[in-house]
Each structure stands twice: as structure tokens, then as C-alpha cells.
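Engineer: Pasting work_32.pdb below, which is PDB, C-alpha atoms.
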```
ATOM      1  CA  MET A  76     -27.237 -14.988  10.549
ATOM      2  CA  ALA A  77     -26.390 -17.779   8.146
ATOM      3  CA  TRP A  78     -22.796 -18.788   7.657
ATOM      4  CA  ASN A  79     -22.953 -18.228   3.926
ATOM      5  CA  ALA A  80     -24.580 -14.787   4.134
ATOM      6  CA  PRO A  81     -22.736 -12.083   2.169
ATOM      7  CA  VAL A  82     -20.674  -9.580   4.095
ATOM      8  CA  PRO A  83     -22.259  -6.101   3.979
ATOM      9  CA  PHE A  84     -20.536  -3.459   1.877
ATOM     10  CA  ALA A  85     -20.131  -1.191   4.922
ATOM     11  CA  SER A  86     -17.967  -3.841   6.586
ATOM     12  CA  TRP A  87     -15.612  -3.880   3.604
ATOM     13  CA  VAL A  88     -15.415  -0.086   3.658
ATOM     14  CA  MET A  89     -14.592  -0.092   7.360
ATOM     15  CA  LEU A  90     -11.952  -2.813   6.960
ATOM     16  CA  SER A  91     -10.391  -0.938   4.064
ATOM     17  CA  GLY A  92     -10.387   2.282   6.076
ATOM     18  CA  VAL A  93      -8.730   0.593   9.052
ATOM     19  CA  LEU A  94      -6.037  -0.957   6.846
ATOM     20  CA  PHE A  95      -5.415   2.361   5.103
ATOM     21  CA  SER A  96      -5.186   4.155   8.459
ATOM     22  CA  ILE A  97      -2.695   1.619   9.803
ATOM     23  CA  GLY A  98      -0.569   2.079   6.688
ATOM     24  CA  ALA A  99      -0.748   5.877   6.872
ATOM     25  CA  VAL A 100       0.191   5.976  10.552
ATOM     26  CA  GLY A 101       3.021   3.516   9.959
ATOM     27  CA  PHE A 102       4.317   5.612   7.073
ATOM     28  CA  LEU A 103       4.263   8.800   9.132
ATOM     29  CA  ILE A 104       5.803   7.297  12.278
ATOM     30  CA  ARG A 105       8.510   4.965  10.971
ATOM     31  CA  LYS A 106      11.867   6.178   9.657
ATOM     32  CA  ASP A 107      13.036   2.958   7.999
ATOM     33  CA  PRO A 108      12.417   3.181   4.239
ATOM     34  CA  ILE A 109      11.686  -0.536   3.906
ATOM     35  CA  ILE A 110       8.954  -0.274   6.543
ATOM     36  CA  MET A 111       7.703   2.868   4.808
ATOM     37  CA  PHE A 112       7.396   0.935   1.527
ATOM     38  CA  MET A 113       5.524  -1.814   3.353
ATOM     39  CA  CYS A 114       3.114   0.790   4.735
ATOM     40  CA  ILE A 115       2.592   2.223   1.249
ATOM     41  CA  GLU A 116       1.828  -1.289   0.014
ATOM     42  CA  LEU A 117      -0.665  -1.719   2.852
ATOM     43  CA  MET A 118      -2.401   1.505   1.820
ATOM     44  CA  LEU A 119      -2.503   0.404  -1.824
ATOM     45  CA  ASN A 120      -3.937  -2.969  -0.842
ATOM     46  CA  ALA A 121      -6.592  -1.244   1.262
ATOM     47  CA  GLY A 122      -7.606   0.674  -1.835
ATOM     48  CA  ASN A 123      -7.587  -2.544  -3.846
ATOM     49  CA  LEU A 124      -9.860  -4.184  -1.290
ATOM     50  CA  LEU A 125     -12.282  -1.292  -1.570
ATOM     51  CA  PHE A 126     -12.238  -1.464  -5.386
ATOM     52  CA  ILE A 127     -12.970  -5.196  -5.305
ATOM     53  CA  ALA A 128     -15.756  -4.772  -2.745
ATOM     54  CA  ALA A 129     -17.352  -1.968  -4.764
ATOM     55  CA  ALA A 130     -17.097  -3.993  -7.969
ATOM     56  CA  ARG A 131     -18.776  -6.955  -6.330
ATOM     57  CA  TYR A 132     -21.428  -4.786  -4.690
ATOM     58  CA  LEU A 133     -22.260  -2.946  -7.928
ATOM     59  CA  GLY A 134     -21.917  -6.034 -10.117
ATOM     60  CA  ILE A 135     -19.385  -4.521 -12.519
ATOM     61  CA  MET A 136     -15.843  -5.555 -13.408
ATOM     62  CA  ASP A 137     -14.266  -2.093 -13.520
ATOM     63  CA  GLY A 138     -12.926  -2.299  -9.969
ATOM     64  CA  GLN A 139     -11.305  -5.655 -10.557
ATOM     65  CA  VAL A 140      -9.637  -4.465 -13.747
ATOM     66  CA  PHE A 141      -8.360  -1.348 -11.985
ATOM     67  CA  VAL A 142      -6.841  -3.514  -9.235
ATOM     68  CA  PHE A 143      -4.602  -5.222 -11.803
ATOM     69  CA  PHE A 144      -3.224  -1.838 -12.865
ATOM     70  CA  VAL A 145      -2.659  -0.797  -9.252
ATOM     71  CA  MET A 146      -0.836  -4.067  -8.578
ATOM     72  CA  ALA A 147       1.407  -3.518 -11.609
ATOM     73  CA  VAL A 148       2.252   0.010 -10.467
ATOM     74  CA  ALA A 149       2.907  -1.264  -6.939
ATOM     75  CA  ALA A 150       5.294  -3.924  -8.243
ATOM     76  CA  ALA A 151       7.206  -1.316 -10.245
ATOM     77  CA  GLU A 152       7.262   0.998  -7.227
ATOM     78  CA  VAL A 153       8.761  -1.723  -5.049
ATOM     79  CA  ALA A 154      11.411  -2.592  -7.625
ATOM     80  CA  VAL A 155      12.501   1.016  -8.128
ATOM     81  CA  GLY A 156      12.258   1.864  -4.431
ATOM     82  CA  LEU A 157      14.370  -1.074  -3.313
ATOM     83  CA  ALA A 158      16.957  -0.313  -6.001
ATOM     84  CA  ILE A 159      17.199   3.260  -4.714
ATOM     85  CA  ILE A 160      17.523   2.044  -1.123
ATOM     86  CA  VAL A 161      20.327  -0.357  -2.095
ATOM     87  CA  ALA A 162      22.158   2.413  -3.992
ATOM     88  CA  ILE A 163      21.878   4.788  -1.037
ATOM     89  CA  PHE A 164      23.028   2.088   1.374
ATOM     90  CA  ARG A 165      26.115   1.459  -0.757
ATOM     91  CA  THR A 166      27.109   5.130  -0.702
ATOM     92  CA  LYS A 167      26.031   6.149   2.820
ATOM     93  CA  SER A 168      26.178   2.795   4.685
ATOM     94  CA  THR A 169      22.828   3.660   6.283
ATOM     95  CA  ILE A 170      19.185   3.620   5.257
ATOM     96  CA  ASP A 171      17.943   6.143   7.796
ATOM     97  CA  VAL A 172      15.494   8.600   6.237
ATOM     98  CA  ASP A 173      16.922  11.528   8.193
ATOM     99  CA  GLU A 174      20.369  10.823   6.741
ATOM    100  CA  MET A 175      18.938  10.699   3.218
ATOM    101  CA  SER A 176      17.289  14.092   3.543
ATOM    102  CA  GLY A 177      20.693  15.769   3.596
ATOM    103  CA  MET A 178      21.701  14.353   0.212
ATOM    104  CA  ARG A 179      22.170  16.647  -2.741
ATOM    105  CA  GLY A 180      21.950  15.580  -6.358
TER
END
```
Kindly transcribe the structure held in the file into C-alpha cells.
Structural biologist:
Amino acid sequence: MAWNAPVPFASWVMLSGVLFSIGAVGFLIRKDPIIMFMCIELMLNAGNLLFIAAARYLGIMDGQVFVFFVMAVAAAEVAVGLAIIVAIFRTKSTIDVDEMSGMRG
């Protein structure tokens, strides 16, 4: 195999699936909201990787354009999520997810 040979599409799909699985397991296991946001970001980036790989494999730009929208939504999600975490920490003095579930609006 030559060093400059293209990586097969199936390898990108598998890598994306592994990254998404790691993010999903981390989201389900961890109770710290900051770690949960990081796991959500990992899942979004796994999807972005798959979009980019599919766009390159098919020779179209749609996947790359869609990645920019996903990145913009992810940035907004992080900003809002961290603001909510800071507000909850100021009122409860904890960021434990189990403590937050007892809150009433």
C-alpha cells in the first residue's frame, strides 16, 4: 500500500462510529454536566467527520456546507449550556445532574 493512497470510506465510517459510541457512552455514564457537554460535542464531531468523508467520497460539497451549520449550532449549544451550568452553580453551589433533576421552575 502506498503512503499517499486514499483512506477507504469504510474506515471513515468505522472511525466516526467509534467516536460517536464513545461520546454516547460517556454521556450516559457521566453525571458531570461539563463532561456531558464534551461528550455531546464528541458525538457532533463524529457526525461532522462522517459528513466530510461522504462529501469527499461522493465528490459533492453538501456535506462540507452542512458541517458549518452543525458547528454553528454546537457553538451556540456550548454557550447556552455553560451559561445554564453557571447559573445553576450560583444558586445550588453544585453542578451534579442528580441535584438538578429536583429543581422546579
Engineer: Mind giving me the straight-line distance from CA of Asn123 in chain A to CA of Val142 in chain A in Å, one decimal?
Structural biologist: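 One can read the CA of Asn123 in chain A to CA of Val142 in chain A distance as 5.5 Å.
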Engineer: Pick out the residues sitting within 9 Å of range 87-104 of chain A, and hand them over as a PyMOL selection string; count only C-alpha atoms, and ignore anything fewer than 2 positions along from it in its own chain.
Structural biologist: chain A and resi 82-85+106+108+110-125+128-129
Engineer: Which residue gives the smallest distance to Val140 in chain A among A:Ile127, A:Ile109, A:Val153, A:Ala158, with all atoms listed in the file counted?
Structural biologist: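 Counting all atoms listed in the file, the residue closest to Val140 in chain A is A:Ile127.
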Engineer: Would you please work out which residue, of A:Phe143, A:Tyr132, A:Ala154, A:Asp107, is nearest to Asp173 in chain A when using all atoms listed in the file?
Structural biologist: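 Of A:Phe143, A:Tyr132, A:Ala154, A:Asp107, the one nearest Asp173 in chain A is A:Asp107, counting all atoms listed in the file.
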Engineer: Between CA of Pro81 in chain A and CA of Phe141 in chain A, what is the distance in Å, rounded to a tenth?
Structural biologist: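 One can read the CA of Pro81 in chain A to CA of Phe141 in chain A distance as 22.9 Å.
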Engineer: If I take CA of Trp78 in chain A and CA of Gly138 in chain A, how far is one from the other in Å, to one decimal?
Structural biologist: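 So the two atoms, CA of Trp78 in chain A and CA of Gly138 in chain A, lie 26.1 Å apart.
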